[in-house]
Amino acid sequence: MPAAPPVRTGPRVNEEIRSPQIRVIDEEGEMLGVMSAREALARAYEVGLDLLEISPNAVPPVCKITDFGKFKYEQQKKANEARKKQKVVEIKEIKVRPNIDDHDYDVKMRQMKGFIEEGDKVKVTLRFRGREMAHQELGAKVLERIRNEMAEATKVESMPRLENRQMIMVLAPK
């Protein structure tokens, strides 16, 4: 069984353009009008450039006389720029206890605000130890206080829920 031909991504170039009639734009960006693909290819080769299919779904398809190597380079540069500008959203975890002290609470809030400003999500984990499970309302109050203080900068992605011996709430930047 013969190997399948490699699948090309990107626009069709030169002989790959199958449409009998195409709309052509020359290297300066001037509209040359509708002509046969063979005629357009001859014009491209005359000036030492390639015929590149710009919009294949138009009727007739639009092709441009340009340097394919330069076009590929420009596309690569655009893709790299887009990749640089992407921000990966991380989930940062803050652990608190039901009877957290005021100063400790303030430190945790400062950390949370910093994470939110950087665009990260914050997972607030409130852990119960020993007999603290009997007073889950204290933990719920702490999470409610955090939610109210962070209300203008965040939205609650998942409401506080009890899993085993801990309550978990996820905050995301607005």
# chains A, B, ... in the order shown; residues from 1 in each chain; ligands from 1

$ residues_around --residues "segment 133-150 of chain A" --least-positions-apart "4" --cutoff "12 Å" --atoms "only C-alpha atoms" --output "PyMOL selection string"
chain A and resi 94-102+105-106+108-117+122-129+154-174

$ write_last_selection --atoms "N, CA and C atoms" --output "short mmCIF file (atom, residue, chain, number, x, y, z; two decimals), in the first residue's frame"
data_model
loop_
_atom_site.label_atom_id
_atom_site.label_comp_id
_atom_site.auth_asym_id
_atom_site.auth_seq_id
_atom_site.Cartn_x
_atom_site.Cartn_y
_atom_site.Cartn_z
N ILE A 94 -4.53 29.00 48.40
CA ILE A 94 -4.34 29.65 49.69
C ILE A 94 -5.02 28.77 50.73
N LYS A 95 -4.27 28.40 51.77
CA LYS A 95 -4.84 27.55 52.81
C LYS A 95 -5.11 28.39 54.05
N VAL A 96 -6.33 28.25 54.59
CA VAL A 96 -6.71 28.96 55.81
C VAL A 96 -7.32 27.96 56.79
N ARG A 97 -7.50 28.42 58.03
CA ARG A 97 -8.10 27.60 59.08
C ARG A 97 -9.35 28.33 59.59
N PRO A 98 -10.27 27.62 60.22
CA PRO A 98 -11.51 28.27 60.69
C PRO A 98 -11.25 29.37 61.73
N ASN A 99 -10.25 29.17 62.60
CA ASN A 99 -10.00 30.19 63.63
C ASN A 99 -8.73 30.96 63.31
N ILE A 100 -8.64 31.48 62.08
CA ILE A 100 -7.46 32.22 61.62
C ILE A 100 -7.39 33.56 62.35
N ASP A 101 -6.17 33.96 62.71
CA ASP A 101 -5.95 35.22 63.41
C ASP A 101 -6.06 36.39 62.42
N ASP A 102 -6.34 37.59 62.90
CA ASP A 102 -6.53 38.75 62.02
C ASP A 102 -5.31 39.04 61.17
N TYR A 105 -4.85 36.48 58.53
CA TYR A 105 -5.91 36.68 57.53
C TYR A 105 -5.50 37.80 56.57
N ASP A 106 -4.97 38.91 57.12
CA ASP A 106 -4.55 40.05 56.27
C ASP A 106 -3.44 39.64 55.31
N LYS A 108 -2.85 36.63 54.11
CA LYS A 108 -3.45 35.76 53.08
C LYS A 108 -4.23 36.60 52.06
N MET A 109 -4.94 37.63 52.54
CA MET A 109 -5.71 38.50 51.63
C MET A 109 -4.77 39.24 50.68
N ARG A 110 -3.63 39.73 51.21
CA ARG A 110 -2.66 40.43 50.37
C ARG A 110 -2.13 39.49 49.28
N GLN A 111 -1.85 38.25 49.67
CA GLN A 111 -1.37 37.26 48.69
C GLN A 111 -2.43 37.03 47.62
N MET A 112 -3.68 36.86 48.05
CA MET A 112 -4.77 36.60 47.11
C MET A 112 -4.93 37.75 46.12
N LYS A 113 -4.88 38.99 46.63
CA LYS A 113 -5.03 40.16 45.75
C LYS A 113 -3.91 40.19 44.72
N GLY A 114 -2.70 39.84 45.16
CA GLY A 114 -1.57 39.79 44.22
C GLY A 114 -1.79 38.77 43.12
N PHE A 115 -2.26 37.57 43.50
CA PHE A 115 -2.50 36.52 42.51
C PHE A 115 -3.58 36.95 41.52
N ILE A 116 -4.65 37.56 42.04
CA ILE A 116 -5.77 37.98 41.18
C ILE A 116 -5.30 39.06 40.21
N GLU A 117 -4.46 40.02 40.69
CA GLU A 117 -3.96 41.09 39.81
C GLU A 117 -3.11 40.53 38.68
N VAL A 122 -7.66 31.75 42.19
CA VAL A 122 -7.24 31.41 43.55
C VAL A 122 -8.19 30.36 44.11
N LYS A 123 -7.60 29.27 44.60
CA LYS A 123 -8.38 28.21 45.24
C LYS A 123 -8.17 28.38 46.74
N VAL A 124 -9.25 28.70 47.45
CA VAL A 124 -9.16 28.90 48.90
C VAL A 124 -9.56 27.59 49.56
N THR A 125 -8.62 26.99 50.31
CA THR A 125 -8.87 25.73 50.99
C THR A 125 -8.92 25.99 52.49
N LEU A 126 -10.05 25.70 53.10
CA LEU A 126 -10.20 25.87 54.54
C LEU A 126 -10.21 24.48 55.17
N ARG A 127 -9.22 24.21 55.98
CA ARG A 127 -9.03 22.87 56.53
C ARG A 127 -9.54 22.78 57.97
N PHE A 128 -10.31 21.74 58.25
CA PHE A 128 -10.79 21.49 59.61
C PHE A 128 -9.93 20.39 60.24
N ARG A 129 -9.54 20.60 61.51
CA ARG A 129 -8.78 19.57 62.23
C ARG A 129 -9.56 19.15 63.46
N THR A 154 -13.11 40.00 42.01
CA THR A 154 -13.24 38.61 41.58
C THR A 154 -14.69 38.19 41.44
N LYS A 155 -14.85 37.05 40.77
CA LYS A 155 -16.15 36.39 40.76
C LYS A 155 -15.92 34.98 41.31
N VAL A 156 -16.93 34.45 41.97
CA VAL A 156 -16.80 33.13 42.56
C VAL A 156 -17.03 32.10 41.47
N GLU A 157 -16.00 31.30 41.17
CA GLU A 157 -16.13 30.30 40.12
C GLU A 157 -16.80 29.04 40.67
N SER A 158 -16.44 28.66 41.89
CA SER A 158 -17.17 27.56 42.51
C SER A 158 -17.42 27.93 43.97
N MET A 159 -18.67 27.83 44.36
CA MET A 159 -19.09 28.21 45.71
C MET A 159 -18.44 27.28 46.73
N PRO A 160 -18.33 27.74 47.99
CA PRO A 160 -17.72 26.88 49.01
C PRO A 160 -18.47 25.56 49.13
N ARG A 161 -17.72 24.46 49.10
CA ARG A 161 -18.32 23.14 49.27
C ARG A 161 -17.43 22.31 50.18
N LEU A 162 -18.05 21.40 50.89
CA LEU A 162 -17.33 20.58 51.85
C LEU A 162 -16.88 19.28 51.19
N GLU A 163 -15.58 19.01 51.24
CA GLU A 163 -15.03 17.76 50.75
C GLU A 163 -14.21 17.16 51.88
N ASN A 164 -14.66 16.04 52.42
CA ASN A 164 -14.00 15.39 53.56
C ASN A 164 -13.86 16.38 54.72
N ARG A 165 -12.60 16.73 55.07
CA ARG A 165 -12.39 17.62 56.21
C ARG A 165 -12.00 19.03 55.76
N GLN A 166 -12.33 19.41 54.52
CA GLN A 166 -11.99 20.76 54.08
C GLN A 166 -13.08 21.37 53.22
N MET A 167 -13.16 22.71 53.28
CA MET A 167 -14.09 23.46 52.44
C MET A 167 -13.25 24.12 51.34
N ILE A 168 -13.76 24.08 50.11
CA ILE A 168 -13.00 24.62 48.98
C ILE A 168 -13.86 25.62 48.23
N MET A 169 -13.22 26.77 47.87
CA MET A 169 -13.90 27.79 47.07
C MET A 169 -12.88 28.28 46.03
N VAL A 170 -13.32 28.50 44.80
CA VAL A 170 -12.42 29.00 43.76
C VAL A 170 -12.87 30.38 43.31
N LEU A 171 -11.92 31.34 43.32
CA LEU A 171 -12.18 32.71 42.88
C LEU A 171 -11.41 32.96 41.58
N ALA A 172 -12.05 33.65 40.64
CA ALA A 172 -11.40 33.99 39.37
C ALA A 172 -11.45 35.49 39.17
N PRO A 173 -10.45 36.08 38.51
CA PRO A 173 -10.48 37.52 38.27
C PRO A 173 -11.63 37.90 37.35
N LYS A 174 -12.20 39.09 37.56
CA LYS A 174 -13.32 39.54 36.72
C LYS A 174 -12.84 39.89 35.34
#

$ select_by_dssp --residues "chain A" --states "helix (DSSP H, G or I)" --output "ChimeraX atom specification"
/A:14-16,37-46,68-85,102-117,130-149

$ residues_around --residues "Ser55 of chain A" --least-positions-apart "2" --cutoff "12 Å" --atoms "only C-alpha atoms" --output "PyMOL selection string"
chain A and resi 10-13+17+22-25+52-53+57-64

$ atom_distance --atom1 "atom CA of Lys85 of chain A" --atom2 "atom CA of Asp67 of chain A"
27.6 Å

$ select_by_dssp --residues "segment 77-167 of chain A" --states "strand (DSSP E)" --output "PyMOL selection string"
chain A and resi 91-96+121-127+154-163+166-167

$ atom_distance --atom1 "atom CA of Asp26 of chain A" --atom2 "atom CA of Ala79 of chain A"
25.2 Å

$ atom_distance --atom1 "atom CA of Ser36 of chain A" --atom2 "atom CA of Gly48 of chain A"
18.6 Å

$ residues_around --residues "Glu27 of chain A" --least-positions-apart "5" --cutoff "12 Å" --atoms "only C-alpha atoms" --output "count of residues only"
19

$ closest_residue --among "A:Lys77, A:Lys87, A:Lys92, A:Arg38" --to "Lys121 of chain A" --atoms "only C-alpha atoms"
A:Lys92
